[in-house]
file target_39.cif (mmCIF, C-alpha atoms and all ligand atoms)
data_work
#
loop_
_atom_site.label_atom_id
_atom_site.label_comp_id
_atom_site.auth_asym_id
_atom_site.auth_seq_id
_atom_site.Cartn_x
_atom_site.Cartn_y
_atom_site.Cartn_z
CA MET N 1 117.61 102.48 87.05
CA ASN N 2 117.07 98.75 87.33
CA LEU N 3 115.13 98.13 90.52
CA ASP N 4 115.79 94.42 90.26
CA LYS N 5 119.39 95.25 91.14
CA LEU N 6 118.46 96.42 94.64
CA LYS N 7 120.00 94.12 97.24
CA THR N 8 119.03 93.71 100.84
CA THR N 9 121.25 92.53 103.68
CA ALA N 10 119.41 89.19 103.80
CA GLY N 11 121.90 86.37 104.13
CA LEU N 12 124.88 88.60 104.96
CA ASP N 13 126.96 87.76 108.00
CA LEU N 14 126.73 90.98 109.97
CA ALA N 15 128.36 89.89 113.22
CA GLY N 16 130.67 92.67 114.35
CA LYS N 17 129.95 94.75 111.24
CA ARG N 18 129.27 98.46 111.59
CA VAL N 19 126.05 99.04 109.65
CA LEU N 20 125.35 102.68 108.81
CA VAL N 21 121.58 103.05 108.33
CA ARG N 22 120.11 106.16 106.67
CA ALA N 23 116.67 106.36 108.24
CA ASP N 24 114.07 109.12 108.30
CA LEU N 25 113.83 110.26 111.92
CA ASN N 26 112.26 113.55 110.89
CA VAL N 27 109.23 113.16 113.16
CA PRO N 28 107.14 115.91 114.72
CA VAL N 29 108.55 117.05 118.07
CA ARG N 30 106.64 119.41 120.36
CA ASP N 31 108.07 120.79 123.63
CA GLY N 32 110.98 118.35 123.42
CA ARG N 33 108.74 115.32 122.97
CA VAL N 34 107.95 113.23 119.90
CA SER N 35 104.26 113.83 119.16
CA ASP N 36 103.84 111.18 116.44
CA ALA N 37 106.21 108.21 116.59
CA THR N 38 104.72 106.29 113.62
CA ARG N 39 107.89 106.60 111.53
CA LEU N 40 110.05 105.40 114.44
CA GLU N 41 107.75 102.46 115.19
CA ARG N 42 108.03 101.31 111.58
CA LEU N 43 111.83 101.32 111.80
CA VAL N 44 111.99 99.18 114.92
CA PRO N 45 111.69 95.66 113.40
CA GLY N 46 114.38 96.28 110.76
CA LEU N 47 116.85 97.75 113.25
CA LYS N 48 116.17 94.95 115.73
CA ASP N 49 116.85 92.45 112.99
CA LEU N 50 120.26 94.01 112.25
CA ALA N 51 121.14 94.19 115.96
CA GLY N 52 119.94 90.63 116.49
CA ARG N 53 122.37 89.50 113.79
CA GLY N 54 125.25 90.99 115.78
CA ALA N 55 125.66 94.22 113.81
CA LYS N 56 126.63 97.53 115.38
CA VAL N 57 123.73 99.62 114.11
CA ILE N 58 124.48 103.29 113.52
CA VAL N 59 121.41 105.32 112.59
CA ILE N 60 121.81 108.61 110.72
CA SER N 61 119.11 111.10 109.73
CA HIS N 62 118.30 114.73 109.13
CA PHE N 63 115.84 116.55 111.37
CA GLY N 64 114.05 119.73 110.29
CA ARG N 65 115.78 122.49 108.40
CA PRO N 66 118.57 124.00 110.54
CA LYS N 67 120.16 126.90 108.68
CA ASN N 68 123.31 127.71 110.62
CA GLY N 69 124.93 124.60 111.99
CA PRO N 70 123.99 123.04 115.34
CA GLU N 71 120.84 124.45 116.96
CA ALA N 72 119.29 122.89 120.07
CA GLU N 73 115.78 122.91 118.60
CA PHE N 74 116.94 120.68 115.76
CA SER N 75 118.76 118.12 117.91
CA LEU N 76 117.89 114.47 117.35
CA LYS N 77 118.43 113.72 121.06
CA PRO N 78 114.71 113.61 122.03
CA VAL N 79 114.09 111.36 119.02
CA ALA N 80 116.91 109.03 120.10
CA ASP N 81 115.35 108.85 123.59
CA THR N 82 111.93 107.91 122.19
CA PHE N 83 113.63 105.39 119.96
CA ALA N 84 115.30 103.78 122.95
CA SER N 85 111.96 103.26 124.67
CA LEU N 86 110.37 101.85 121.50
CA LEU N 87 113.30 99.50 120.97
CA GLY N 88 113.31 98.55 124.64
CA THR N 89 117.08 98.91 124.75
CA LYS N 90 119.76 101.51 125.42
CA VAL N 91 120.53 103.72 122.44
CA ALA N 92 123.82 105.60 122.45
CA PHE N 93 123.70 109.16 121.12
CA ALA N 94 126.61 110.98 119.51
CA ALA N 95 126.57 114.78 119.66
CA ASP N 96 127.90 114.98 116.10
CA CYS N 97 127.42 112.77 113.05
CA ILE N 98 131.11 112.92 112.01
CA GLY N 99 134.45 113.61 113.71
CA ASP N 100 135.65 112.66 117.19
CA ALA N 101 132.24 112.50 118.91
CA ALA N 102 130.83 110.12 116.30
CA ALA N 103 134.02 108.03 116.18
CA ALA N 104 134.07 107.69 119.99
CA THR N 105 130.41 106.61 120.16
CA VAL N 106 130.83 104.10 117.35
CA GLY N 107 134.18 102.88 118.76
CA ALA N 108 132.51 102.06 122.08
CA MET N 109 129.70 99.98 120.49
CA LYS N 110 129.46 96.24 121.05
CA ASN N 111 127.86 93.76 118.69
CA GLY N 112 124.08 94.21 118.78
CA ASP N 113 124.26 97.84 120.01
CA ILE N 114 122.25 100.65 118.40
CA ALA N 115 123.37 104.28 118.22
CA VAL N 116 121.82 107.45 116.80
CA LEU N 117 124.07 110.23 115.51
CA GLU N 118 123.18 113.94 115.68
CA ASN N 119 121.33 115.73 112.85
CA LEU N 120 123.13 115.39 109.50
CA ARG N 121 121.99 118.86 108.45
CA PHE N 122 124.14 120.48 111.14
CA HIS N 123 126.77 120.15 108.40
CA LYS N 124 126.33 122.01 105.11
CA GLY N 125 128.04 119.10 103.32
CA GLU N 126 124.94 116.93 103.78
CA GLU N 127 122.58 118.81 101.46
CA LYS N 128 125.44 119.84 99.14
CA ASN N 129 126.39 116.18 98.76
CA ASP N 130 129.96 117.19 99.56
CA PRO N 131 132.24 114.23 98.78
CA ALA N 132 134.49 115.00 101.78
CA PHE N 133 131.51 114.96 104.16
CA ALA N 134 130.22 111.73 102.58
CA ALA N 135 133.67 110.18 103.08
CA GLU N 136 133.63 111.22 106.76
CA LEU N 137 130.24 109.55 107.23
CA ALA N 138 131.41 106.43 105.42
CA LYS N 139 134.37 106.06 107.81
CA LEU N 140 131.86 105.14 110.53
CA GLY N 141 130.48 102.06 108.77
CA ASP N 142 131.52 98.85 107.05
CA ILE N 143 128.33 98.73 105.01
CA PHE N 144 125.53 101.21 104.25
CA VAL N 145 121.78 100.58 104.34
CA GLY N 146 119.47 103.14 102.69
CA ASP N 147 116.10 102.92 104.42
CA ALA N 148 114.62 106.38 103.93
CA PHE N 149 112.43 106.33 100.81
CA SER N 150 111.04 109.72 101.82
CA CYS N 151 114.52 111.26 101.42
CA ALA N 152 115.51 109.35 98.28
CA HIS N 153 114.48 112.13 95.88
CA ARG N 154 117.40 114.19 97.14
CA ALA N 155 121.01 113.44 96.18
CA HIS N 156 122.44 114.27 99.58
CA ALA N 157 125.65 112.94 101.17
CA SER N 158 123.73 110.50 103.35
CA THR N 159 121.46 109.22 100.57
CA GLU N 160 123.76 109.24 97.55
CA GLY N 161 127.32 110.38 98.35
CA VAL N 162 128.00 107.73 100.96
CA THR N 163 127.14 104.91 98.53
CA HIS N 164 130.34 105.70 96.59
CA HIS N 165 132.38 104.57 99.60
CA LEU N 166 130.59 101.58 101.11
CA PRO N 167 128.87 98.41 99.92
CA SER N 168 125.27 99.64 99.86
CA TYR N 169 121.98 97.87 100.45
CA ALA N 170 118.27 98.70 100.49
CA GLY N 171 116.57 98.60 103.88
CA PRO N 172 113.26 96.85 104.57
CA LEU N 173 111.07 99.98 104.69
CA LEU N 174 112.50 101.26 101.43
CA MET N 175 111.90 97.86 99.81
CA GLU N 176 108.33 97.76 101.14
CA GLU N 177 107.61 101.19 99.66
CA ILE N 178 109.21 100.39 96.30
CA ASN N 179 107.36 97.09 96.06
CA ALA N 180 104.04 98.82 96.79
CA LEU N 181 104.66 101.51 94.20
CA ARG N 182 105.81 99.02 91.58
CA THR N 183 102.73 96.91 92.19
CA ALA N 184 100.54 99.95 91.63
CA LEU N 185 102.33 101.60 88.74
CA GLU N 186 104.95 99.48 86.98
CA ILE N 187 103.54 95.94 87.09
CA PRO N 188 99.89 96.46 88.04
CA GLN N 189 96.91 94.23 87.64
CA ARG N 190 94.60 95.90 85.12
CA PRO N 191 92.39 97.80 84.79
CA THR N 192 94.14 100.48 86.80
CA ALA N 193 92.80 103.78 88.08
CA ALA N 194 94.54 106.80 89.49
CA VAL N 195 92.77 109.45 91.52
CA VAL N 196 94.59 112.75 91.35
CA GLY N 197 93.06 115.57 93.32
CA GLY N 198 94.28 118.57 95.21
CA ALA N 199 94.41 122.26 94.66
CA LYS N 200 96.19 123.02 91.42
CA VAL N 201 97.01 121.56 88.03
CA SER N 202 100.22 123.62 87.94
CA THR N 203 101.86 121.62 90.75
CA LYS N 204 101.03 118.23 89.27
CA ILE N 205 101.56 118.53 85.51
CA PRO N 206 104.39 115.94 85.43
CA VAL N 207 102.31 113.57 87.59
CA LEU N 208 99.30 113.86 85.28
CA THR N 209 101.46 113.52 82.17
CA ASN N 210 103.16 110.39 83.46
CA LEU N 211 99.95 108.80 84.71
CA VAL N 212 97.98 109.21 81.47
CA ALA N 213 100.65 107.06 79.83
CA LYS N 214 100.35 104.37 82.48
CA VAL N 215 96.83 104.01 83.89
CA ASP N 216 93.54 103.05 82.27
CA LYS N 217 91.38 105.61 84.11
CA LEU N 218 92.54 108.95 85.44
CA ILE N 219 90.06 110.42 87.88
CA ILE N 220 90.67 114.12 88.38
CA GLY N 221 89.17 115.82 91.41
CA GLY N 222 89.55 118.79 93.74
CA GLY N 223 90.45 122.27 92.62
CA MET N 224 92.42 120.94 89.66
CA ALA N 225 89.26 119.45 88.15
CA ASN N 226 87.90 123.01 87.95
CA THR N 227 90.71 124.00 85.59
CA PHE N 228 89.95 121.02 83.34
CA LEU N 229 86.23 121.82 83.36
CA GLN N 230 86.82 125.51 82.72
CA ALA N 231 89.16 124.66 79.84
CA GLN N 232 86.18 122.89 78.24
CA GLY N 233 83.94 125.90 78.64
CA VAL N 234 82.23 125.05 81.94
CA ASN N 235 81.47 128.09 84.06
CA VAL N 236 83.00 127.37 87.48
CA GLY N 237 81.98 130.68 89.09
CA LYS N 238 84.40 131.76 91.80
CA SER N 239 85.99 128.33 92.18
CA LEU N 240 89.72 127.85 92.53
CA ALA N 241 90.96 127.44 88.95
CA GLU N 242 93.99 128.29 86.86
CA PRO N 243 93.02 129.83 83.51
CA ASP N 244 96.71 130.00 82.57
CA PHE N 245 96.71 126.21 82.51
CA HIS N 246 93.75 125.63 80.18
CA LYS N 247 96.13 124.76 77.38
CA THR N 248 98.00 122.31 79.63
CA ALA N 249 94.73 120.69 80.68
CA LEU N 250 93.64 120.26 77.06
CA GLU N 251 97.05 118.84 76.14
CA ILE N 252 96.82 116.32 78.96
CA MET N 253 93.35 115.33 77.75
CA ALA N 254 94.64 114.89 74.20
CA ALA N 255 97.59 112.80 75.44
CA ALA N 256 95.21 110.64 77.44
CA LYS N 257 93.05 110.05 74.39
CA ALA N 258 96.09 109.07 72.34
CA LYS N 259 97.17 106.58 75.01
CA GLY N 260 93.70 105.10 75.57
CA CYS N 261 93.43 106.50 79.10
CA GLU N 262 89.96 107.65 80.09
CA ILE N 263 89.90 110.97 81.94
CA VAL N 264 87.10 111.12 84.47
CA LEU N 265 85.91 114.52 85.63
CA PRO N 266 83.16 115.40 88.13
CA VAL N 267 79.60 115.55 86.81
CA ASP N 268 78.14 117.51 89.73
CA ALA N 269 79.47 119.60 92.58
CA VAL N 270 78.88 120.74 96.12
CA ILE N 271 79.03 124.52 96.03
CA ALA N 272 79.18 127.23 98.67
CA ARG N 273 79.70 130.97 98.80
CA GLU N 274 82.09 130.95 101.73
CA PHE N 275 85.25 128.93 102.28
CA LYS N 276 84.60 128.01 105.90
CA ASP N 277 83.35 125.26 108.18
CA GLY N 278 79.60 124.81 108.03
CA ALA N 279 79.13 127.19 105.08
CA ALA N 280 75.66 126.94 103.52
CA ASN N 281 75.98 124.60 100.54
CA GLU N 282 74.04 122.85 97.84
CA VAL N 283 74.53 120.26 95.13
CA VAL N 284 74.33 121.45 91.53
CA ALA N 285 74.93 120.02 88.08
CA LEU N 286 78.07 121.38 86.48
CA ASP N 287 76.19 123.55 84.00
CA LYS N 288 74.44 125.28 86.89
CA VAL N 289 77.30 126.65 89.02
CA PRO N 290 76.23 130.20 89.98
CA ALA N 291 78.68 132.98 89.13
CA ASP N 292 79.16 133.88 92.82
CA ALA N 293 79.70 130.30 94.10
CA MET N 294 82.70 128.01 94.57
CA ILE N 295 82.94 124.29 93.89
CA LEU N 296 84.27 122.79 97.11
CA ASP N 297 83.58 119.07 96.74
CA ALA N 298 82.53 116.38 94.28
CA GLY N 299 78.75 115.91 94.31
CA PRO N 300 76.91 112.62 94.96
CA ALA N 301 76.51 111.74 91.26
CA SER N 302 80.27 112.15 90.75
CA VAL N 303 80.98 110.00 93.80
CA LYS N 304 78.63 107.31 92.52
CA HIS N 305 80.23 107.41 89.08
CA VAL N 306 83.79 107.14 90.45
CA ALA N 307 82.79 104.44 92.94
CA ALA N 308 81.45 102.36 90.04
CA ILE N 309 84.73 102.87 88.16
CA LEU N 310 86.74 101.72 91.19
CA ASP N 311 84.48 98.70 91.40
CA GLY N 312 85.64 97.70 87.91
CA CYS N 313 89.35 98.26 88.57
CA LYS N 314 91.97 96.00 90.13
CA THR N 315 94.55 98.62 91.05
CA LEU N 316 94.21 102.15 92.44
CA LEU N 317 96.80 104.84 92.99
CA TRP N 318 95.60 107.90 94.90
CA ASN N 319 97.13 111.31 95.45
CA GLY N 320 95.20 114.41 96.44
CA PRO N 321 91.73 115.04 97.88
CA MET N 322 88.53 115.35 95.83
CA GLY N 323 87.57 118.58 97.57
CA ALA N 324 88.40 120.99 100.37
CA PHE N 325 88.26 118.11 102.83
CA GLU N 326 89.62 120.05 105.81
CA ILE N 327 86.44 122.10 106.09
CA SER N 328 83.16 120.45 106.91
CA PRO N 329 81.11 119.19 105.12
CA PHE N 330 83.34 119.42 102.02
CA GLY N 331 85.26 116.24 102.79
CA GLU N 332 82.28 113.99 102.14
CA GLY N 333 83.20 113.16 98.52
CA THR N 334 86.79 112.30 99.44
CA PHE N 335 85.72 110.27 102.47
CA ALA N 336 83.05 108.33 100.55
CA LEU N 337 85.51 107.33 97.84
CA ALA N 338 88.21 106.49 100.40
CA LYS N 339 85.72 104.20 102.14
CA GLN N 340 84.75 102.58 98.84
CA ALA N 341 88.43 101.92 98.02
CA ALA N 342 88.96 100.52 101.52
CA ARG N 343 85.92 98.22 101.18
CA LEU N 344 87.11 96.88 97.82
CA THR N 345 90.62 96.38 99.20
CA LYS N 346 89.33 94.51 102.25
CA ALA N 347 87.27 92.30 99.96
CA GLY N 348 90.45 91.41 98.06
CA LYS N 349 89.21 93.06 94.85
CA LEU N 350 91.53 96.05 94.73
CA VAL N 351 95.18 96.85 95.37
CA SER N 352 95.11 100.40 96.73
CA VAL N 353 98.18 102.57 97.16
CA ALA N 354 97.88 106.15 98.36
CA GLY N 355 100.35 108.83 99.32
CA GLY N 356 101.02 112.50 99.96
CA GLY N 357 100.52 114.59 103.09
CA ASP N 358 96.94 115.73 102.43
CA THR N 359 95.90 112.34 101.17
CA VAL N 360 97.16 110.62 104.32
CA ALA N 361 95.32 113.24 106.42
CA ALA N 362 92.11 112.62 104.43
CA LEU N 363 92.40 108.83 104.76
CA ASN N 364 93.03 109.22 108.49
CA ALA N 365 89.97 111.47 108.77
CA ALA N 366 87.94 108.76 107.00
CA SER N 367 89.48 106.13 109.34
CA VAL N 368 90.53 103.91 106.44
CA THR N 369 94.34 104.26 106.38
CA GLY N 370 94.82 100.75 107.75
CA ASP N 371 92.52 99.26 105.12
CA PHE N 372 94.51 100.43 102.11
CA THR N 373 97.12 98.06 100.71
CA TYR N 374 99.84 100.65 101.28
CA VAL N 375 99.87 104.26 102.38
CA SER N 376 103.06 106.22 101.75
CA THR N 377 103.98 109.04 104.09
CA ALA N 378 106.74 110.20 101.76
CA GLY N 379 105.58 113.51 100.27
CA GLY N 380 108.12 114.74 97.70
CA ALA N 381 109.63 111.33 96.94
CA PHE N 382 106.17 109.80 96.37
CA LEU N 383 105.22 112.57 93.94
CA GLU N 384 108.53 112.32 92.06
CA TRP N 385 107.98 108.59 91.70
CA LEU N 386 104.50 109.30 90.31
CA GLU N 387 106.16 111.72 87.89
CA GLY N 388 108.26 108.82 86.62
CA GLN N 389 111.50 110.41 87.82
CA GLU N 390 114.55 108.48 88.85
CA LEU N 391 115.15 108.97 92.57
CA PRO N 392 118.90 109.48 93.16
CA GLY N 393 118.86 107.80 96.58
CA ILE N 394 117.41 104.66 95.01
CA ALA N 395 119.44 104.73 91.82
CA ALA N 396 122.55 104.89 94.06
CA LEU N 397 121.56 101.60 95.69
CA THR N 398 121.18 99.86 92.34
CA ARG N 399 124.75 100.54 91.21
CA GLY N 400 125.90 97.33 92.82
P1 LIG I 1 97.47 119.47 97.04
O1 LIG I 1 98.48 119.93 98.05
O2 LIG I 1 97.70 120.01 95.67
O3 LIG I 1 97.25 117.97 97.06
O4 LIG I 1 96.11 120.15 97.47
C1 LIG I 1 95.43 119.83 98.64
C2 LIG I 1 94.53 120.98 98.98
O5 LIG I 1 93.61 121.19 97.93
C3 LIG I 1 93.73 120.74 100.23
O6 LIG I 1 94.12 121.68 101.18
C4 LIG I 1 92.29 120.98 99.77
O7 LIG I 1 91.54 121.75 100.69
C5 LIG I 1 92.46 121.77 98.50
N1 LIG I 1 91.30 121.64 97.62
C6 LIG I 1 90.82 120.53 97.06
N2 LIG I 1 89.72 120.79 96.33
C7 LIG I 1 89.49 122.11 96.42
C8 LIG I 1 88.50 122.98 95.88
N3 LIG I 1 87.52 122.53 95.09
N4 LIG I 1 88.58 124.30 96.18
C9 LIG I 1 89.57 124.74 96.99
N5 LIG I 1 90.55 123.97 97.51
C10 LIG I 1 90.50 122.67 97.24
#

call {"tool": "encode", "arguments": {"input": "target_39.cif", "output": "structure tokens", "more": "lines below"}}
Ligand code: AMP
result
Amino acid sequence: MNLDKLKTTAGLDLAGKRVLVRADLNVPVRDGRVSDATRLERLVPGLKDLAGRGAKVIVISHFGRPKNGPEAEFSLKPVADTFASLLGTKVAFAADCIGDAAAATVGAMKNGDIAVLENLRFHKGEEKNDPAFAAELAKLGDIFVGDAFSCAHRAHASTEGVTHHLPSYAGPLLMEEINALRTALEIPQRPTAAVVGGAKVSTKIPVLTNLVAKVDKLIIGGGMANTFLQAQGVNVGKSLAEPDFHKTALEIMAAAKAKGCEIVLPVDAVIAREFKDGAANEVVALDKVPADAMILDAGPASVKHVAAILDGCKTLLWNGPMGAFEISPFGEGTFALAKQAARLTKAGKLVSVAGGGDTVAALNAASVTGDFTYVSTAGGAFLEWLEGQELPGIAALTRG
């Protein structure tokens, strides 16, 4: 996949053109109302740009996981209504994303109009990447714009199939995300650090394997650090750990050594005997974890050590918390390091890119999301990129 082959619609004459935009409108909806419109807000400037250039802008997306065709609770109608108010314009809504309803809505559009079509996943052909369904979608547009990075790890009809039928371009949000990730991982300023935390080694083996080949320092935190420590003979008491993955942990350490990547593990820990808010806790050195205790956060010496490493780096990639940050006070290690990364970024010393659901939640809790260079809200696609995988929805846009 040659990312330099991605084209945008810049410079194209779009007047009167039907532009089919694959966006990610999969936002949280509660009681028929959008409860977090961040994703929609980010789409507004790009869609306004297309409309302002005289295009007929047709937005398609999935929403939730409907199992058996159309279901009211998975309708995109409330999302289309919120979109209309954010765009400050009327947004037509088609009750189906293909067939007569879609054709009628699109047929009635004037230059500069915006329409949203009903949930793609009301048709099984979407997730199956059924060529016939992709062809039906493609009938609605003259060109296709892929602008849903978060869906690009799936070869679905609306992310991959449709590109076989229409001239296809990368949208502005997708480009922004790719540029941020390339800056952090493919063409970074060195030295580079990656923080990988979270619960388990088993879910992030490909991420760790790919990163040791690419970054200068790999900082491992959270529950997965316990497995690495245990593999080296450290007694981690009742901590979350995966003894079945000792061998994997040691292999990753050996690969890192061979590639000149320094693996950084905690040197102390905040331990508790209960996994709950306000549990009595103490800081111990790693050779002093009592048999009946759990490691729930990185200790102050670990935080200091990692903060000093970040201070010496120019690029940071972050996925996964350093501890059980959702329960107080075991988020302190994660929050302190997030604040340090934010400070260095604000001072112009660090390019910081973070992503993943828990990581975004942790950065929000530390009130530093806006201070990072880029924060990705794409869960699966972000992780697959970190794994070094080719994302089919992006590869499809590079075919030219
Ligand atoms: P992941 O989805 O793999 O990124 O894992 C995130 C989860 O890991 C969060 O819910 C954290 O609470 C949890 N976690 C991180 N560190 C620990 C730890 N030391 N013990 C238990 N859970 C942890």

call {"tool": "atom_distance", "arguments": {"input": "target_39.cif", "atom1": "atom CA of Glu177 of chain N", "atom2": "atom CA of Leu344 of chain N"}}
result
21.0 Å

call {"tool": "closest_residue", "arguments": {"input": "target_39.cif", "among": "N:Ser352, N:Thr192, N:Asn2, N:Asn281", "to": "Tyr374 of chain N", "atoms": "all atoms listed in the file"}}
result
N:Ser352

call {"tool": "residues_around", "arguments": {"input": "target_39.cif", "residues": "Val162 of chain N", "least_positions_apart": "6", "cutoff": "9 Å", "atoms": "all atoms listed in the file", "output": "list in words"}}
result
Asn129, Pro131, Phe133, Ala134, Ala135, Glu136, Leu137, Ala138, Phe144, His156 and Ser168 of chain N

call {"tool": "write_last_selection", "arguments": {"input": "target_39.cif", "atoms": "C-alpha atoms", "output": "tab-separated table (two decimals), in the frame of the given file"}}
result
chain	number	residue	atom	x	y	z
N	129	ASN	CA	126.39	116.18	98.76
N	131	PRO	CA	132.24	114.23	98.78
N	133	PHE	CA	131.51	114.96	104.16
N	134	ALA	CA	130.22	111.73	102.58
N	135	ALA	CA	133.67	110.18	103.08
N	136	GLU	CA	133.63	111.22	106.76
N	137	LEU	CA	130.24	109.55	107.23
N	138	ALA	CA	131.41	106.43	105.42
N	144	PHE	CA	125.53	101.21	104.25
N	156	HIS	CA	122.44	114.27	99.58
N	168	SER	CA	125.27	99.64	99.86

call {"tool": "residues_near_point", "arguments": {"input": "target_39.cif", "point": "(94.2, 104.8, 77.7)", "cutoff": "7 Å", "atoms": "only C-alpha atoms", "output": "list in words"}}
result
Val212, Val215, Asp216, Ala256, Lys257, Lys259, Gly260, Cys261 and Glu262 of chain N

call {"tool": "write_last_selection", "arguments": {"input": "target_39.cif", "atoms": "C-alpha atoms", "output": "compact mmCIF listing (two decimals), in the frame of the given file"}}
result
# COMPACT_ATOMS: atom_id res chain seq x y z
CA VAL N 212 97.98 109.21 81.47
CA VAL N 215 96.83 104.01 83.89
CA ASP N 216 93.54 103.05 82.27
CA ALA N 256 95.21 110.64 77.44
CA LYS N 257 93.05 110.05 74.39
CA LYS N 259 97.17 106.58 75.01
CA GLY N 260 93.70 105.10 75.57
CA CYS N 261 93.43 106.50 79.10
CA GLU N 262 89.96 107.65 80.09

call {"tool": "closest_residue", "arguments": {"input": "target_39.cif", "among": "N:Gly64, N:Gly223, N:Pro300, N:Gly107", "to": "Leu240 of chain N", "atoms": "only C-alpha atoms"}}
result
N:Gly223

call {"tool": "residues_near_ligand", "arguments": {"input": "target_39.cif", "ligand": "ligand LIG 1 (chain I)", "cutoff": "10 Å", "atoms": "all atoms listed in the file", "output": "PyMOL selection string"}}
result
chain N and resi 196-204+221-226+238-241+269-271+275+294-298+319-327+330-331+334+355-359+361-362+379

call {"tool": "write_last_selection", "arguments": {"input": "target_39.cif", "atoms": "C-alpha atoms", "output": "mmCIF file, in the frame of the given file"}}
result
data_model
loop_
_atom_site.group_PDB
_atom_site.id
_atom_site.type_symbol
_atom_site.label_atom_id
_atom_site.label_comp_id
_atom_site.auth_asym_id
_atom_site.auth_seq_id
_atom_site.Cartn_x
_atom_site.Cartn_y
_atom_site.Cartn_z
ATOM 1 C CA VAL N 196 94.590 112.750 91.350
ATOM 2 C CA GLY N 197 93.060 115.570 93.320
ATOM 3 C CA GLY N 198 94.280 118.570 95.210
ATOM 4 C CA ALA N 199 94.410 122.260 94.660
ATOM 5 C CA LYS N 200 96.190 123.020 91.420
ATOM 6 C CA VAL N 201 97.010 121.560 88.030
ATOM 7 C CA SER N 202 100.220 123.620 87.940
ATOM 8 C CA THR N 203 101.860 121.620 90.750
ATOM 9 C CA LYS N 204 101.030 118.230 89.270
ATOM 10 C CA GLY N 221 89.170 115.820 91.410
ATOM 11 C CA GLY N 222 89.550 118.790 93.740
ATOM 12 C CA GLY N 223 90.450 122.270 92.620
ATOM 13 C CA MET N 224 92.420 120.940 89.660
ATOM 14 C CA ALA N 225 89.260 119.450 88.150
ATOM 15 C CA ASN N 226 87.900 123.010 87.950
ATOM 16 C CA LYS N 238 84.400 131.760 91.800
ATOM 17 C CA SER N 239 85.990 128.330 92.180
ATOM 18 C CA LEU N 240 89.720 127.850 92.530
ATOM 19 C CA ALA N 241 90.960 127.440 88.950
ATOM 20 C CA ALA N 269 79.470 119.600 92.580
ATOM 21 C CA VAL N 270 78.880 120.740 96.120
ATOM 22 C CA ILE N 271 79.030 124.520 96.030
ATOM 23 C CA PHE N 275 85.250 128.930 102.280
ATOM 24 C CA MET N 294 82.700 128.010 94.570
ATOM 25 C CA ILE N 295 82.940 124.290 93.890
ATOM 26 C CA LEU N 296 84.270 122.790 97.110
ATOM 27 C CA ASP N 297 83.580 119.070 96.740
ATOM 28 C CA ALA N 298 82.530 116.380 94.280
ATOM 29 C CA ASN N 319 97.130 111.310 95.450
ATOM 30 C CA GLY N 320 95.200 114.410 96.440
ATOM 31 C CA PRO N 321 91.730 115.040 97.880
ATOM 32 C CA MET N 322 88.530 115.350 95.830
ATOM 33 C CA GLY N 323 87.570 118.580 97.570
ATOM 34 C CA ALA N 324 88.400 120.990 100.370
ATOM 35 C CA PHE N 325 88.260 118.110 102.830
ATOM 36 C CA GLU N 326 89.620 120.050 105.810
ATOM 37 C CA ILE N 327 86.440 122.100 106.090
ATOM 38 C CA PHE N 330 83.340 119.420 102.020
ATOM 39 C CA GLY N 331 85.260 116.240 102.790
ATOM 40 C CA THR N 334 86.790 112.300 99.440
ATOM 41 C CA GLY N 355 100.350 108.830 99.320
ATOM 42 C CA GLY N 356 101.020 112.500 99.960
ATOM 43 C CA GLY N 357 100.520 114.590 103.090
ATOM 44 C CA ASP N 358 96.940 115.730 102.430
ATOM 45 C CA THR N 359 95.900 112.340 101.170
ATOM 46 C CA ALA N 361 95.320 113.240 106.420
ATOM 47 C CA ALA N 362 92.110 112.620 104.430
ATOM 48 C CA GLY N 379 105.580 113.510 100.270
#

call {"tool": "residues_around", "arguments": {"input": "target_39.cif", "residues": "Ser328 of chain N", "least_positions_apart": "5", "cutoff": "10 Å", "atoms": "all atoms listed in the file", "output": "ChimeraX atom specification"}}
result
/N:275-279

call {"tool": "residues_around", "arguments": {"input": "target_39.cif", "residues": "Thr227 of chain N", "least_positions_apart": "6", "cutoff": "7 Å", "atoms": "all atoms listed in the file", "output": "PyMOL selection string"}}
result
chain N and resi 241-243+246

call {"tool": "atom_distance", "arguments": {"input": "target_39.cif", "atom1": "atom CA of Thr398 of chain N", "atom2": "atom CA of Gly146 of chain N"}}
result
11.0 Å

call {"tool": "atom_distance", "arguments": {"input": "target_39.cif", "atom1": "atom CA of Thr163 of chain N", "atom2": "atom CA of Leu12 of chain N"}}
result
17.7 Å

call {"tool": "closest_residue", "arguments": {"input": "target_39.cif", "among": "N:Ala148, N:Leu6, N:Ala51, N:Leu386", "to": "Lys214 of chain N", "atoms": "only C-alpha atoms"}}
result
N:Leu386
